[in-house]
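The file model_14.pdb comes next; it holds PDB, C-alpha atoms.
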MODEL        1
ATOM      1  CA  MET V 222     -76.248   2.770  10.463
ATOM      2  CA  ASP V 223     -74.477   2.459  13.830
ATOM      3  CA  ALA V 224     -71.448   4.338  12.451
ATOM      4  CA  LEU V 225     -73.737   7.194  11.375
ATOM      5  CA  PHE V 226     -75.354   7.282  14.821
ATOM      6  CA  ALA V 227     -71.880   7.438  16.420
ATOM      7  CA  ARG V 228     -70.838  10.335  14.130
ATOM      8  CA  ILE V 229     -73.968  12.293  15.088
ATOM      9  CA  ASP V 230     -73.393  11.584  18.798
ATOM     10  CA  GLN V 231     -69.818  12.830  18.489
ATOM     11  CA  ALA V 232     -70.617  15.870  16.312
ATOM     12  CA  LEU V 233     -73.359  17.104  18.661
ATOM     13  CA  ASN V 234     -71.837  15.810  21.908
ATOM     14  CA  ILE V 235     -75.045  13.984  22.869
ATOM     15  CA  ARG V 236     -76.399  10.426  22.820
ATOM     16  CA  LEU V 237     -79.227   9.737  20.415
ATOM     17  CA  PRO V 238     -82.303   8.314  22.153
ATOM     18  CA  GLY V 239     -83.004   4.653  21.442
ATOM     19  CA  PHE V 240     -86.541   5.366  20.229
ATOM     20  CA  TYR V 241     -85.162   7.836  17.668
ATOM     21  CA  LYS V 242     -82.579   5.319  16.450
ATOM     22  CA  ALA V 243     -85.355   2.764  15.977
ATOM     23  CA  LEU V 244     -87.417   5.329  14.026
ATOM     24  CA  ALA V 245     -84.426   6.203  11.832
ATOM     25  CA  GLN V 246     -83.844   2.519  11.068
ATOM     26  CA  GLU V 247     -87.503   1.780  10.370
ATOM     27  CA  PHE V 248     -87.906   4.671   7.927
ATOM     28  CA  ARG V 249     -84.374   4.464   6.480
ATOM     29  CA  LEU V 250     -83.549   8.021   7.496
ATOM     30  CA  ASP V 251     -79.915   7.218   6.715
ATOM     31  CA  GLN V 252     -80.834   7.529   3.034
ATOM     32  CA  GLN V 253     -83.229  10.490   2.960
ATOM     33  CA  ALA V 254     -85.650  12.685   4.881
ATOM     34  CA  MET V 255     -89.235  11.531   5.360
ATOM     35  CA  GLN V 256     -92.336  13.666   4.784
ATOM     36  CA  ALA V 257     -94.445  12.241   7.635
ATOM     37  CA  ASN V 258     -97.549  14.182   6.591
ATOM     38  CA  GLU V 259     -98.355  17.334   4.619
ATOM     39  CA  LEU V 260     -96.485  19.528   7.142
ATOM     40  CA  THR V 261     -94.145  17.409   9.271
ATOM     41  CA  LEU V 262     -90.719  16.553   7.849
ATOM     42  CA  LEU V 263     -88.345  14.154   9.615
ATOM     43  CA  HIS V 264     -84.778  15.097   8.671
ATOM     44  CA  GLY V 265     -82.448  12.562   7.116
ATOM     45  CA  LEU V 266     -79.619  11.522   9.415
ATOM     46  CA  GLY V 267     -77.040  13.094   7.110
ATOM     47  CA  ASP V 268     -78.685  16.505   7.639
ATOM     48  CA  VAL V 269     -79.239  16.275  11.403
ATOM     49  CA  PRO V 270     -75.778  17.512  12.516
ATOM     50  CA  SER V 271     -75.660  20.446  10.083
ATOM     51  CA  LEU V 272     -79.240  21.570  10.804
ATOM     52  CA  ASN V 273     -78.700  21.347  14.564
ATOM     53  CA  ALA V 274     -75.513  23.415  14.115
ATOM     54  CA  ALA V 275     -77.149  25.963  11.776
ATOM     55  CA  TYR V 276     -79.993  26.610  14.231
ATOM     56  CA  GLU V 277     -77.627  26.401  17.246
ATOM     57  CA  ILE V 278     -79.892  23.855  18.919
ATOM     58  CA  GLN V 279     -77.236  22.575  21.333
ATOM     59  CA  ARG V 280     -76.278  26.148  22.303
ATOM     60  CA  HIS V 281     -79.827  27.023  23.369
ATOM     61  CA  LEU V 282     -81.099  23.531  24.252
ATOM     62  CA  PRO V 283     -77.960  21.493  25.037
ATOM     63  CA  ASP V 284     -79.835  18.307  25.905
ATOM     64  CA  CYS V 285     -82.024  18.351  22.782
ATOM     65  CA  LEU V 286     -81.776  17.158  19.199
ATOM     66  CA  MET V 287     -83.795  18.602  16.315
ATOM     67  CA  ILE V 288     -85.094  15.665  14.275
ATOM     68  CA  GLY V 289     -87.509  17.483  11.970
ATOM     69  CA  ASN V 290     -89.655  20.549  11.379
ATOM     70  CA  ASP V 291     -93.286  21.490  10.941
ATOM     71  CA  SER V 292     -92.955  23.530   7.724
ATOM     72  CA  GLY V 293     -93.975  26.562   9.751
ATOM     73  CA  GLY V 294     -90.867  27.747  11.600
ATOM     74  CA  CYS V 295     -90.870  25.207  14.417
ATOM     75  CA  GLY V 296     -88.335  22.490  14.984
ATOM     76  CA  ILE V 297     -89.365  19.018  16.111
ATOM     77  CA  LEU V 298     -87.078  17.986  18.984
ATOM     78  CA  VAL V 299     -86.335  15.109  21.338
ATOM     79  CA  ARG V 300     -84.177  15.040  24.453
ATOM     80  CA  ALA V 301     -80.838  13.246  24.553
ATOM     81  CA  ASP V 302     -80.796   9.597  25.594
ATOM     82  CA  ASP V 303     -79.492  10.094  29.119
ATOM     83  CA  SER V 304     -82.395  12.377  30.070
ATOM     84  CA  GLY V 305     -85.009   9.579  30.227
ATOM     85  CA  ASP V 306     -87.535  11.973  28.610
ATOM     86  CA  SER V 307     -89.543  10.395  25.760
ATOM     87  CA  ASN V 308     -91.621  13.487  24.873
ATOM     88  CA  ILE V 309     -91.697  14.857  21.347
ATOM     89  CA  TYR V 310     -91.347  18.651  21.409
ATOM     90  CA  CYS V 311     -91.964  21.585  19.103
ATOM     91  CA  CYS V 312     -90.112  24.877  19.486
ATOM     92  CA  GLY V 313     -90.022  28.010  17.367
ATOM     93  CA  LEU V 314     -86.634  28.162  15.674
ATOM     94  CA  GLY V 315     -86.473  31.916  16.251
ATOM     95  CA  ALA V 316     -87.145  31.629  19.985
ATOM     96  CA  LEU V 317     -85.181  28.631  21.213
ATOM     97  CA  GLY V 318     -85.111  28.049  24.939
ATOM     98  CA  PRO V 319     -86.250  25.575  27.582
ATOM     99  CA  ASP V 320     -89.337  27.645  28.402
ATOM    100  CA  GLU V 321     -90.402  27.654  24.759
ATOM    101  CA  LEU V 322     -90.584  23.868  24.331
ATOM    102  CA  ALA V 323     -94.141  22.655  23.739
ATOM    103  CA  VAL V 324     -94.951  18.966  24.130
ATOM    104  CA  LEU V 325     -96.469  17.578  20.939
ATOM    105  CA  ALA V 326     -96.824  14.054  22.294
ATOM    106  CA  PRO V 327     -95.717  12.075  25.363
ATOM    107  CA  SER V 328     -93.979   9.434  23.233
ATOM    108  CA  LEU V 329     -92.995   8.564  19.695
ATOM    109  CA  ALA V 330     -95.708   5.896  19.596
ATOM    110  CA  HIS V 331     -98.366   8.452  20.545
ATOM    111  CA  TRP V 332     -97.021  10.980  18.043
ATOM    112  CA  ARG V 333     -97.288   8.390  15.277
ATOM    113  CA  LYS V 334    -100.794   7.457  16.430
ATOM    114  CA  ILE V 335    -101.967  11.078  16.086
ATOM    115  CA  GLY V 336    -100.526  11.297  12.572
ATOM    116  CA  TRP V 337     -97.229  13.087  13.327
ATOM    117  CA  ALA V 338     -99.218  16.216  14.224
ATOM    118  CA  SER V 339     -97.301  19.399  14.936
ATOM    119  CA  GLY V 340     -98.164  22.822  16.291
ATOM    120  CA  ALA V 341     -98.783  23.993  12.738
ATOM    121  CA  HIS V 342    -101.539  21.367  12.380
ATOM    122  CA  ARG V 343    -103.451  22.985  15.226
ATOM    123  CA  TRP V 344    -103.307  26.353  13.475
ATOM    124  CA  TYR V 345    -104.420  24.859  10.155
ATOM    125  CA  GLU V 346    -107.235  22.974  11.885
ATOM    126  CA  SER V 347    -108.643  26.177  13.391
ATOM    127  CA  ARG V 348    -108.210  28.043  10.096
ATOM    128  CA  ASP V 349    -109.951  25.203   8.241
ATOM    129  CA  LEU V 350    -112.784  25.206  10.768
ATOM    130  CA  THR V 351    -113.231  28.962  10.282
ATOM    131  CA  MET V 352    -113.221  28.584   6.501
ATOM    132  CA  ARG V 353    -115.844  25.824   6.687
ATOM    133  CA  TRP V 354    -117.963  27.939   9.035
ATOM    134  CA  ASN V 355    -117.885  30.824   6.567
ATOM    135  CA  SER V 356    -119.363  28.502   3.921
ATOM    136  CA  ALA V 357    -123.155  28.803   3.881
ATOM    137  CA  GLU V 358    -123.364  25.321   2.354
ATOM    138  CA  TRP V 359    -121.459  23.798   5.291
ATOM    139  CA  ARG V 360    -123.603  25.617   7.902
ATOM    140  CA  GLU V 361    -126.837  24.581   6.178
ATOM    141  CA  SER V 362    -125.796  20.919   6.021
ATOM    142  CA  HIS V 363    -125.246  20.679   9.809
ATOM    143  CA  ASP V 364    -127.992  21.292  12.326
ATOM    144  CA  GLN V 365    -127.301  23.840  15.038
ATOM    145  CA  ALA V 366    -127.236  21.328  17.899
ATOM    146  CA  THR V 367    -124.599  19.212  16.127
ATOM    147  CA  VAL V 368    -122.417  22.249  15.459
ATOM    148  CA  GLN V 369    -122.708  23.496  19.058
ATOM    149  CA  HIS V 370    -121.914  20.024  20.437
ATOM    150  CA  PHE V 371    -118.890  19.752  18.169
ATOM    151  CA  LEU V 372    -117.564  23.163  19.244
ATOM    152  CA  ARG V 373    -118.100  22.428  22.981
ATOM    153  CA  THR V 374    -116.282  19.112  22.551
ATOM    154  CA  GLN V 375    -113.396  20.898  20.815
ATOM    155  CA  LEU V 376    -113.199  23.460  23.646
ATOM    156  CA  ALA V 377    -113.174  20.687  26.268
ATOM    157  CA  THR V 378    -110.416  18.836  24.387
ATOM    158  CA  LEU V 379    -108.441  22.060  24.186
ATOM    159  CA  ALA V 380    -108.804  22.608  27.951
ATOM    160  CA  ASP V 381    -107.576  19.041  28.555
ATOM    161  CA  MET V 382    -104.552  19.656  26.324
ATOM    162  CA  ARG V 383    -103.732  22.848  28.237
ATOM    163  CA  ALA V 384    -104.085  21.071  31.611
ATOM    164  CA  ALA V 385    -101.814  18.251  30.406
ATOM    165  CA  GLY V 386     -99.246  20.739  29.099
ATOM    166  CA  THR V 387     -99.371  19.363  25.548
ATOM    167  CA  ILE V 388    -100.074  22.747  23.922
ATOM    168  CA  ASP V 389     -98.170  25.970  24.363
ATOM    169  CA  THR V 390     -99.893  29.165  25.489
ATOM    170  CA  LYS V 391     -99.857  30.883  22.102
ATOM    171  CA  LEU V 392    -101.471  27.963  20.282
ATOM    172  CA  TYR V 393    -103.938  27.417  23.115
ATOM    173  CA  LEU V 394    -105.115  31.034  23.093
ATOM    174  CA  HIS V 395    -105.375  31.159  19.297
ATOM    175  CA  ARG V 396    -107.360  27.934  19.090
ATOM    176  CA  LYS V 397    -109.596  28.916  22.040
ATOM    177  CA  GLN V 398    -110.325  32.318  20.539
ATOM    178  CA  THR V 399    -111.245  30.759  17.194
ATOM    179  CA  LEU V 400    -113.525  28.147  18.776
ATOM    180  CA  GLU V 401    -115.245  30.718  21.013
ATOM    181  CA  TRP V 402    -115.805  32.990  18.008
ATOM    182  CA  LEU V 403    -117.379  30.098  16.105
ATOM    183  CA  GLU V 404    -119.431  29.043  19.129
ATOM    184  CA  GLN V 405    -120.931  32.546  19.423
ATOM    185  CA  ARG V 406    -121.985  32.384  15.799
ATOM    186  CA  ALA V 407    -123.548  28.960  16.255
ATOM    187  CA  GLU V 408    -125.906  30.226  18.973
ATOM    188  CA  PRO V 409    -129.484  30.886  17.903
ATOM    189  CA  ALA V 410    -130.354  34.522  17.168
ATOM    190  CA  ARG V 411    -132.177  36.202  20.054
TER     191      ARG V 411
ENDMDL
END
Mind turning this structure into C-alpha cells?
Amino acid sequence: MDALFARIDQALNIRLPGFYKALAQEFRLDQQAMQANELTLLHGLGDVPSLNAAYEIQRHLPDCLMIGNDSGGCGILVRADDSGDSNIYCCGLGALGPDELAVLAPSLAHWRKIGWASGAHRWYESRDLTMRWNSAEWRESHDQATVQHFLRTQLATLADMRAAGTIDTKLYLHRKQTLEWLEQRAEPAR
C-alpha cells in the first residue's frame, strides 16, 4: 500500500496525513471505497487522485485532500500531513474555498465515534424531526414537557456546535430555524 500512497502524494503534490493512511489500511481502501454509513462514502485510494483532479480540490484548497463525500454535494476533506491539522472537514463541491470549510469533527477518532456524520446528516436529522412532529401518533406518545426539554437540549447543543465552529452558518441557521419552529408548536395553547 506504501507504493499507492507514494503515487497519490506525487500525483497531488501533497503528503497524505498519517491518520488517513492508517484509516486506508484498516478499511482496505486500496481495494474499494467504503460506505461508512447511509450517506458518507470514503473513496477508494485508486479514485482519490482522479476525484481530487476532477473537482480541482488542490486548485481551490491546495493543502487539502478529498477523501470522501456525503452523498449530498459536499466533499469530505483532510489537510495535508505537514499542516498538523487533524480536523475532518466538509465543503460544498460547487463552492470550494478556505472560507467554506466546515469542521465535521476535530479528529478521525471523534468522527468515527459520532458515526461518520456529515453535514447532510444534520439536514436529514432536522427533516426527520419535522416529519415525526407532523405525525399525530408521535406527538400523542410524548408528553409536552419531554418534547420541550428535548427541543431545548437540541438548541443548546446546536449553540455549542456553533461556538466551537463545528457547524457552518448555513447548516446552523437551517437547524436552528427548524428547532425553533418545532419548539413554538410544542408550547401549550394560550
Target residues per the PyMOL selection byres ((chain V and resi 290) around 10), formatted as a VMD selection string: chain V and resid 256 260 to 264 287 to 289 291 to 298 311 to 314 339 341
Atomic separation - CA of Ala301 (chain V) relative to CA of Arg236 (chain V), Å: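 Calculated distance between CA of Arg236 (chain V) and CA of Ala301 (chain V) is 5.5 Å.
For the atom pair formed by CA of Ala338 (chain V) and CA of Ala384 (chain V), the distance is 18.7 Å, given to one decimal.
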Residues matched by the PyMOL selection byres ((chain V and resi 302) around 10), written as number ranges by chain: V: 235-241, 284-286, 299-301, 303-307
Written selection (C-alpha atoms) as a compact mmCIF listing (two decimals), keeping the file's coordinate frame:
# COMPACT_ATOMS: atom_id res chain seq x y z
CA ILE V 235 -75.04 13.98 22.87
CA ARG V 236 -76.40 10.43 22.82
CA LEU V 237 -79.23 9.74 20.42
CA PRO V 238 -82.30 8.31 22.15
CA GLY V 239 -83.00 4.65 21.44
CA PHE V 240 -86.54 5.37 20.23
CA TYR V 241 -85.16 7.84 17.67
CA ASP V 284 -79.83 18.31 25.90
CA CYS V 285 -82.02 18.35 22.78
CA LEU V 286 -81.78 17.16 19.20
CA VAL V 299 -86.34 15.11 21.34
CA ARG V 300 -84.18 15.04 24.45
CA ALA V 301 -80.84 13.25 24.55
CA ASP V 303 -79.49 10.09 29.12
CA SER V 304 -82.40 12.38 30.07
CA GLY V 305 -85.01 9.58 30.23
CA ASP V 306 -87.54 11.97 28.61
CA SER V 307 -89.54 10.40 25.76
Residue neighbourhood Ala232 (chain V), 12 Å, only C-alpha atoms, exclusion window fewer than 5 positions, as a PyMOL selection string: chain V and resi 225-227+237+267-274+279+286
Length of the CA of Lys397 (chain V) to CA of Ala323 (chain V) vector [Å]: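 It comes out at 16.8 Å.
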Pick from V:Phe371, V:Tyr393, V:Tyr310, V:Tyr276, whichever lies nearest to Trp337 (chain V) using all atoms listed in the file: V:Tyr310
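Minimum atom-to-atom distance to Ala254 (chain V), evaluated using all atoms listed in the file, belongs to V:Leu266 out of V:Ile335, V:Leu329, V:Leu266, V:Val368.
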Contacts of His331 (chain V) at 10 Å (all atoms listed in the file; same-chain gap of 6+ positions) as a ChimeraX atom specification: /V:308-309,325,337
Test item: the PyMOL selection byres ((chain V and resi 376) around 10) resolved as a list in words: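 Expected selection for the PyMOL selection byres ((chain V and resi 376) around 10) here is His370, Phe371, Leu372, Arg373, Thr374, Gln375, Ala377, Thr378, Leu379, Ala380, Asp381, Met382, Arg396, Lys397, Gln398, Thr399, Leu400, Glu401 and Glu404 of chain V.
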Step by step, gather every atom of region 268-282 of chain V that the file lists, find the box along x, y and z that holds them, add 3 Å on each side, and finally give centre and edge lengths in Å to one decimal, as AutoDock Vina command-line options.
--center_x -78.3 --center_y 21.6 --center_z 15.9 --size_x 11.6 --size_y 16.7 --size_z 22.6
